[in-house]
>>> print(open('model-v7.cif').read())   # mmCIF, C-alpha atoms
data_target
loop_
_atom_site.group_PDB
_atom_site.id
_atom_site.type_symbol
_atom_site.label_atom_id
_atom_site.label_comp_id
_atom_site.auth_asym_id
_atom_site.auth_seq_id
_atom_site.Cartn_x
_atom_site.Cartn_y
_atom_site.Cartn_z
ATOM 1 C CA MET A 1454 0.000 0.000 0.000
ATOM 2 C CA ASN A 1455 1.518 3.336 -0.989
ATOM 3 C CA ALA A 1456 1.113 6.636 0.851
ATOM 4 C CA ASN A 1457 -1.656 7.858 -1.479
ATOM 5 C CA ALA A 1458 -3.652 4.653 -1.108
ATOM 6 C CA TYR A 1459 -3.187 4.768 2.630
ATOM 7 C CA GLY A 1460 -4.345 8.386 2.683
ATOM 8 C CA GLY A 1461 -7.640 7.433 0.991
ATOM 9 C CA ASN A 1462 -8.177 4.602 3.458
ATOM 10 C CA MET A 1463 -7.407 6.922 6.360
ATOM 11 C CA LYS A 1464 -10.009 9.459 5.177
ATOM 12 C CA ARG A 1465 -12.631 6.692 4.959
ATOM 13 C CA LEU A 1466 -11.669 5.427 8.391
ATOM 14 C CA ILE A 1467 -11.946 8.888 9.944
ATOM 15 C CA ARG A 1468 -15.434 9.401 8.431
ATOM 16 C CA VAL A 1469 -16.522 6.108 10.024
ATOM 17 C CA LEU A 1470 -14.953 7.165 13.312
ATOM 18 C CA LEU A 1471 -16.796 10.496 13.283
ATOM 19 C CA SER A 1472 -20.251 9.131 12.619
ATOM 20 C CA LEU A 1473 -19.923 6.239 15.040
ATOM 21 C CA THR A 1474 -18.519 8.298 17.897
ATOM 22 C CA ILE A 1475 -21.416 10.755 17.839
ATOM 23 C CA ALA A 1476 -23.966 7.951 17.414
ATOM 24 C CA ALA A 1477 -22.506 6.086 20.381
ATOM 25 C CA MET A 1478 -22.816 9.113 22.631
ATOM 26 C CA ILE A 1479 -26.396 10.125 21.925
ATOM 27 C CA VAL A 1480 -28.657 8.453 24.448
ATOM 28 C CA ILE A 1481 -32.444 8.527 24.563
ATOM 29 C CA PRO A 1482 -34.235 9.295 27.852
ATOM 30 C CA LEU A 1483 -36.845 7.018 29.367
ATOM 31 C CA THR A 1484 -40.383 7.775 30.405
ATOM 32 C CA GLY A 1485 -41.681 6.300 33.673
ATOM 33 C CA CYS A 1486 -40.645 3.057 35.431
ATOM 34 C CA GLY A 1487 -38.205 3.011 38.305
ATOM 35 C CA LYS A 1488 -37.665 5.250 41.284
ATOM 36 C CA GLN A 1489 -34.580 6.921 39.850
ATOM 37 C CA THR A 1490 -35.658 7.373 36.245
ATOM 38 C CA GLU A 1491 -35.571 11.152 36.498
ATOM 39 C CA GLN A 1492 -32.008 11.052 37.853
ATOM 40 C CA ALA A 1493 -31.017 8.656 35.040
ATOM 41 C CA ASN A 1494 -32.575 11.002 32.493
ATOM 42 C CA GLN A 1495 -30.554 13.899 33.900
ATOM 43 C CA LEU A 1496 -27.374 11.894 33.391
ATOM 44 C CA VAL A 1497 -28.522 11.020 29.873
ATOM 45 C CA ASP A 1498 -29.098 14.723 29.179
ATOM 46 C CA GLU A 1499 -25.508 15.367 30.299
ATOM 47 C CA VAL A 1500 -24.264 12.640 27.926
ATOM 48 C CA ASN A 1501 -26.212 14.234 25.086
ATOM 49 C CA GLN A 1502 -24.651 17.609 25.904
ATOM 50 C CA ILE A 1503 -21.210 15.996 25.796
ATOM 51 C CA ALA A 1504 -22.098 14.575 22.355
ATOM 52 C CA THR A 1505 -23.089 18.045 21.191
ATOM 53 C CA ASP A 1506 -19.809 19.455 22.494
ATOM 54 C CA VAL A 1507 -17.771 16.666 20.852
ATOM 55 C CA GLU A 1508 -19.229 17.155 17.380
ATOM 56 C CA PRO A 1509 -17.141 20.238 16.428
ATOM 57 C CA LYS A 1510 -14.037 18.583 17.884
ATOM 58 C CA LEU A 1511 -14.628 15.560 15.665
ATOM 59 C CA ASP A 1512 -15.079 17.814 12.639
ATOM 60 C CA ASN A 1513 -11.858 19.637 13.468
ATOM 61 C CA ALA A 1514 -9.917 16.385 13.984
ATOM 62 C CA ASN A 1515 -11.291 15.076 10.688
ATOM 63 C CA LYS A 1516 -10.150 18.207 8.848
ATOM 64 C CA LEU A 1517 -6.682 18.012 10.376
ATOM 65 C CA LEU A 1518 -6.290 14.315 9.567
ATOM 66 C CA ALA A 1519 -7.496 14.869 5.996
ATOM 67 C CA GLN A 1520 -5.070 17.778 5.735
ATOM 68 C CA ALA A 1521 -2.237 15.579 7.046
ATOM 69 C CA THR A 1522 -3.124 12.936 4.467
ATOM 70 C CA GLU A 1523 -2.903 15.499 1.670
ATOM 71 C CA GLN A 1524 0.354 16.876 3.070
ATOM 72 C CA LEU A 1525 1.750 13.330 3.160
ATOM 73 C CA ALA A 1526 0.825 12.848 -0.502
ATOM 74 C CA GLN A 1527 2.528 16.147 -1.362
ATOM 75 C CA GLY A 1528 5.680 15.267 0.593
ATOM 76 C CA LYS A 1529 5.200 18.149 3.049
ATOM 77 C CA THR A 1530 6.341 16.234 6.113
ATOM 78 C CA GLU A 1531 6.802 19.195 8.464
ATOM 79 C CA GLU A 1532 3.286 20.463 7.745
ATOM 80 C CA GLU A 1533 1.982 16.912 8.057
ATOM 81 C CA LYS A 1534 3.604 16.592 11.503
ATOM 82 C CA ALA A 1535 2.017 19.858 12.661
ATOM 83 C CA SER A 1536 -1.422 18.717 11.478
ATOM 84 C CA LEU A 1537 -0.992 15.307 13.116
ATOM 85 C CA LEU A 1538 0.063 16.851 16.441
ATOM 86 C CA LYS A 1539 -2.978 19.150 16.438
ATOM 87 C CA ALA A 1540 -5.259 16.241 15.543
ATOM 88 C CA GLN A 1541 -3.697 14.134 18.289
ATOM 89 C CA ALA A 1542 -4.427 16.819 20.897
ATOM 90 C CA ILE A 1543 -8.067 16.983 19.771
ATOM 91 C CA ILE A 1544 -8.382 13.185 19.806
ATOM 92 C CA ASP A 1545 -7.105 13.249 23.402
ATOM 93 C CA GLU A 1546 -9.871 15.732 24.297
ATOM 94 C CA ILE A 1547 -12.466 13.582 22.547
ATOM 95 C CA MET A 1548 -11.288 10.509 24.451
ATOM 96 C CA SER A 1549 -11.645 12.397 27.706
ATOM 97 C CA ASP A 1550 -15.180 13.396 26.693
ATOM 98 C CA ILE A 1551 -16.061 9.805 25.785
ATOM 99 C CA ARG A 1552 -14.760 8.574 29.155
ATOM 100 C CA LEU A 1553 -16.975 11.133 30.909
ATOM 101 C CA ALA A 1554 -19.983 10.126 28.782
ATOM 102 C CA LYS A 1555 -19.296 6.455 29.562
ATOM 103 C CA ASP A 1556 -19.091 7.162 33.308
ATOM 104 C CA LYS A 1557 -22.410 9.013 33.212
ATOM 105 C CA THR A 1558 -24.016 6.244 31.143
ATOM 106 C CA ASP A 1559 -22.772 3.632 33.630
ATOM 107 C CA GLN A 1560 -24.063 5.724 36.552
ATOM 108 C CA ALA A 1561 -27.481 5.961 34.910
ATOM 109 C CA ALA A 1562 -27.552 2.201 34.237
ATOM 110 C CA ALA A 1563 -26.763 1.483 37.909
ATOM 111 C CA LEU A 1564 -29.792 3.426 39.165
ATOM 112 C CA ASP A 1565 -33.220 1.992 40.036
ATOM 113 C CA ILE A 1566 -34.656 2.074 36.525
ATOM 114 C CA SER A 1567 -36.535 -0.406 34.360
ATOM 115 C CA ASP A 1568 -34.681 -3.440 33.059
ATOM 116 C CA THR A 1569 -35.367 -2.242 29.520
ATOM 117 C CA TYR A 1570 -33.772 1.141 30.122
ATOM 118 C CA ARG A 1571 -30.828 -0.540 31.862
ATOM 119 C CA SER A 1572 -30.316 -2.895 28.888
ATOM 120 C CA TYR A 1573 -30.442 0.065 26.543
ATOM 121 C CA LEU A 1574 -27.902 2.020 28.585
ATOM 122 C CA GLN A 1575 -25.627 -1.014 28.882
ATOM 123 C CA ALA A 1576 -25.637 -1.397 25.091
ATOM 124 C CA LYS A 1577 -24.829 2.307 24.782
ATOM 125 C CA GLY A 1578 -22.033 1.800 27.320
ATOM 126 C CA ARG A 1579 -20.524 -0.975 25.188
ATOM 127 C CA ALA A 1580 -20.761 1.331 22.170
ATOM 128 C CA LEU A 1581 -18.928 4.035 24.110
ATOM 129 C CA ASP A 1582 -16.225 1.533 25.099
ATOM 130 C CA GLU A 1583 -15.724 0.759 21.417
ATOM 131 C CA ALA A 1584 -15.789 4.470 20.513
ATOM 132 C CA LEU A 1585 -13.035 5.013 23.055
ATOM 133 C CA ALA A 1586 -11.008 2.108 21.643
ATOM 134 C CA LEU A 1587 -11.579 3.406 18.120
ATOM 135 C CA ASN A 1588 -10.321 6.841 19.094
ATOM 136 C CA GLN A 1589 -7.274 5.254 20.730
ATOM 137 C CA THR A 1590 -6.549 3.429 17.497
ATOM 138 C CA SER A 1591 -6.923 6.697 15.606
ATOM 139 C CA ARG A 1592 -4.454 8.250 18.019
ATOM 140 C CA ASP A 1593 -2.092 5.302 17.501
ATOM 141 C CA ILE A 1594 -2.265 6.000 13.762
ATOM 142 C CA THR A 1595 -1.116 9.575 14.389
ATOM 143 C CA VAL A 1596 1.738 8.307 16.589
ATOM 144 C CA THR A 1597 2.829 5.884 13.867
ATOM 145 C CA LEU A 1598 2.708 8.581 11.208
ATOM 146 C CA LEU A 1599 4.598 11.024 13.419
ATOM 147 C CA ALA A 1600 7.355 8.438 13.899
ATOM 148 C CA ASP A 1601 7.740 8.093 10.116
ATOM 149 C CA PRO A 1602 5.959 11.007 8.413
ATOM 150 C CA ALA A 1603 7.376 10.230 4.967
ATOM 151 C CA MET A 1604 6.413 6.552 5.400
ATOM 152 C CA GLU A 1605 9.919 5.468 4.417
ATOM 153 C CA GLN A 1606 10.314 2.572 6.848
ATOM 154 C CA PRO A 1607 8.879 -0.709 5.531
ATOM 155 C CA ASP A 1608 7.305 -1.520 8.891
ATOM 156 C CA THR A 1609 5.267 1.709 8.921
ATOM 157 C CA LEU A 1610 2.806 0.537 6.267
ATOM 158 C CA ASN A 1611 2.444 -2.805 8.065
ATOM 159 C CA LYS A 1612 1.702 -1.034 11.352
ATOM 160 C CA LEU A 1613 -0.776 1.280 9.670
ATOM 161 C CA THR A 1614 -2.492 -1.626 7.936
ATOM 162 C CA ASP A 1615 -2.762 -3.476 11.256
ATOM 163 C CA LEU A 1616 -4.174 -0.357 12.928
ATOM 164 C CA GLU A 1617 -6.693 0.131 10.131
ATOM 165 C CA ASN A 1618 -7.798 -3.507 10.440
ATOM 166 C CA THR A 1619 -8.113 -3.066 14.209
ATOM 167 C CA SER A 1620 -10.193 0.072 13.725
ATOM 168 C CA LEU A 1621 -12.499 -1.671 11.256
ATOM 169 C CA ALA A 1622 -13.121 -4.467 13.790
ATOM 170 C CA GLN A 1623 -13.745 -1.869 16.506
ATOM 171 C CA ALA A 1624 -16.119 0.055 14.246
ATOM 172 C CA LYS A 1625 -18.012 -3.178 13.564
ATOM 173 C CA ARG A 1626 -18.365 -3.929 17.288
ATOM 174 C CA LEU A 1627 -19.400 -0.332 17.960
ATOM 175 C CA GLN A 1628 -22.068 -0.567 15.248
ATOM 176 C CA GLU A 1629 -23.313 -3.879 16.686
ATOM 177 C CA ALA A 1630 -23.698 -2.291 20.135
ATOM 178 C CA GLU A 1631 -25.460 0.713 18.555
ATOM 179 C CA ASP A 1632 -27.761 -1.608 16.628
ATOM 180 C CA GLU A 1633 -28.598 -3.450 19.837
ATOM 181 C CA ALA A 1634 -29.403 -0.175 21.632
ATOM 182 C CA ASN A 1635 -31.516 1.012 18.698
ATOM 183 C CA SER A 1636 -33.349 -2.308 18.598
ATOM 184 C CA ILE A 1637 -34.153 -2.053 22.311
ATOM 185 C CA ALA A 1638 -35.359 1.537 21.877
ATOM 186 C CA SER A 1639 -37.415 0.632 18.821
ATOM 187 C CA ALA A 1640 -39.038 -2.373 20.469
ATOM 188 C CA ASN A 1641 -39.874 -0.269 23.535
ATOM 189 C CA SER A 1642 -40.774 3.070 21.957
ATOM 190 C CA ASP A 1643 -43.525 3.571 24.547
ATOM 191 C CA GLU A 1644 -40.871 3.560 27.275
ATOM 192 C CA ILE A 1645 -37.686 4.790 25.580
ATOM 193 C CA GLN A 1646 -38.285 8.013 23.667
#
>>> encode(input="model-v7.cif", output="structure tokens")
Amino acid sequence: MNANAYGGNMKRLIRVLLSLTIAAMIVIPLTGCGKQTEQANQLVDEVNQIATDVEPKLDNANKLLAQATEQLAQGKTEEEKASLLKAQAIIDEIMSDIRLAKDKTDQAAALDISDTYRSYLQAKGRALDEALALNQTSRDITVTLLADPAMEQPDTLNKLTDLENTSLAQAKRLQEAEDEANSIASANSDEIQ
């Protein structure tokens, strides 16, 4: 795989990362059932606010990673490094946000709420775990590219290919958890709004 081919794959990977991360964070509140439903819904509202706050960060990280990919293709390694370092800092912020969203989702799931709502929140929690892992893999990609910005070392492409394969598996697991949460919400639309 050459640098241009890798750049196209990286752009596709980042688009998947963006859509899945936001989807994993948006949680739907419950109506009725359980003594602590209102408290759980407040936590869910906080998770949704985190998702809203993360969206521009994801857009910015995507732009920087796309820019780095183009700089790589043009042989502008110093500019590529600067873009990668900025993207890495944003990914770190996003990971912190996802951890906070996961903690709040877990807190909500531990409250006295209906079993349906708990199952939904647990599926969302698994999706957030995968979103966190996916962001870590994205960060690992930036680290690998920073170590060899011109992609001159033979092992760099192998590492990047392995990281891309890891991210695709993580994205699949994240989507499965999202699908499970959506299925629970859909089957219980009278309770989960």
>>> closest_residue(input="model-v7.cif", among="A:Ala1630, A:Leu1585, A:Ala1540, A:Leu1496", to="Lys1516 (chain A)", atoms="all atoms listed in the file")
A:Ala1540
>>> axis_aligned_box(input="model-v7.cif", around="region 1525-1535 of chain A", padding_each_side="8 Å", output="JSON")
{"center_x": 3.8, "center_y": 16.7, "center_z": 5.6, "size_x": 22.0, "size_y": 23.6, "size_z": 30.0}
>>> resolve_selection(input="model-v7.cif", expression="the PyMOL selection byres ((chain A and resi 1568-1576) around 9)", output="PyMOL selection string")
chain A and resi 1480-1483+1486+1490+1558-1559+1561-1567+1577-1581+1630-1638+1641+1644-1645
>>> closest_residue(input="model-v7.cif", among="A:Thr1474, A:Gln1560, A:Thr1522, A:Gln1628", to="Ala1584 (chain A)", atoms="all atoms listed in the file")
A:Thr1474
>>> resolve_selection(input="model-v7.cif", expression="the PyMOL selection byres ((chain A and resi 1544) around 10)", output="NGL selection string")
:A and (1510-1511 or 1513-1515 or 1538-1543 or 1545-1550 or 1585 or 1588-1589 or 1591-1592 or 1595)
>>> resolve_selection(input="model-v7.cif", expression="the PyMOL selection byres ((chain A and resi 1616-1622) around 8)", output="short mmCIF file (atom, residue, chain, number, x, y, z; two decimals) with C-alpha atoms, in the frame of the given file")
data_model
loop_
_atom_site.label_atom_id
_atom_site.label_comp_id
_atom_site.auth_asym_id
_atom_site.auth_seq_id
_atom_site.Cartn_x
_atom_site.Cartn_y
_atom_site.Cartn_z
CA MET A 1463 -7.41 6.92 6.36
CA LEU A 1466 -11.67 5.43 8.39
CA LEU A 1587 -11.58 3.41 18.12
CA THR A 1590 -6.55 3.43 17.50
CA SER A 1591 -6.92 6.70 15.61
CA ASP A 1593 -2.09 5.30 17.50
CA ILE A 1594 -2.26 6.00 13.76
CA LYS A 1612 1.70 -1.03 11.35
CA LEU A 1613 -0.78 1.28 9.67
CA THR A 1614 -2.49 -1.63 7.94
CA ASP A 1615 -2.76 -3.48 11.26
CA GLN A 1623 -13.74 -1.87 16.51
CA ALA A 1624 -16.12 0.06 14.25
CA LYS A 1625 -18.01 -3.18 13.56
CA ARG A 1626 -18.36 -3.93 17.29
#
>>> closest_residue(input="model-v7.cif", among="A:Arg1552, A:Ala1504, A:Ser1536, A:Asp1601", to="Leu1517 (chain A)", atoms="all atoms listed in the file")
A:Ser1536
>>> closest_residue(input="model-v7.cif", among="A:Glu1523, A:Ala1535, A:Met1478, A:Asp1506", to="Glu1583 (chain A)", atoms="only C-alpha atoms")
A:Met1478
>>> closest_residue(input="model-v7.cif", among="A:Asp1643, A:Leu1537, A:Gln1492, A:Asp1582", to="Leu1525 (chain A)", atoms="only C-alpha atoms")
A:Leu1537
>>> atom_distance(input="model-v7.cif", atom1="CA of Lys1534 (chain A)", atom2="CA of Leu1599 (chain A)")
6.0 Å
>>> atom_distance(input="model-v7.cif", atom1="CA of Leu1627 (chain A)", atom2="CA of Ala1477 (chain A)")
7.5 Å
>>> closest_residue(input="model-v7.cif", among="A:Asp1512, A:Gln1495, A:Ala1554, A:Ala1519", to="Ile1479 (chain A)", atoms="only C-alpha atoms")
A:Ala1554
>>> atom_distance(input="model-v7.cif", atom1="CA of Gln1527 (chain A)", atom2="CA of Pro1607 (chain A)")
19.3 Å
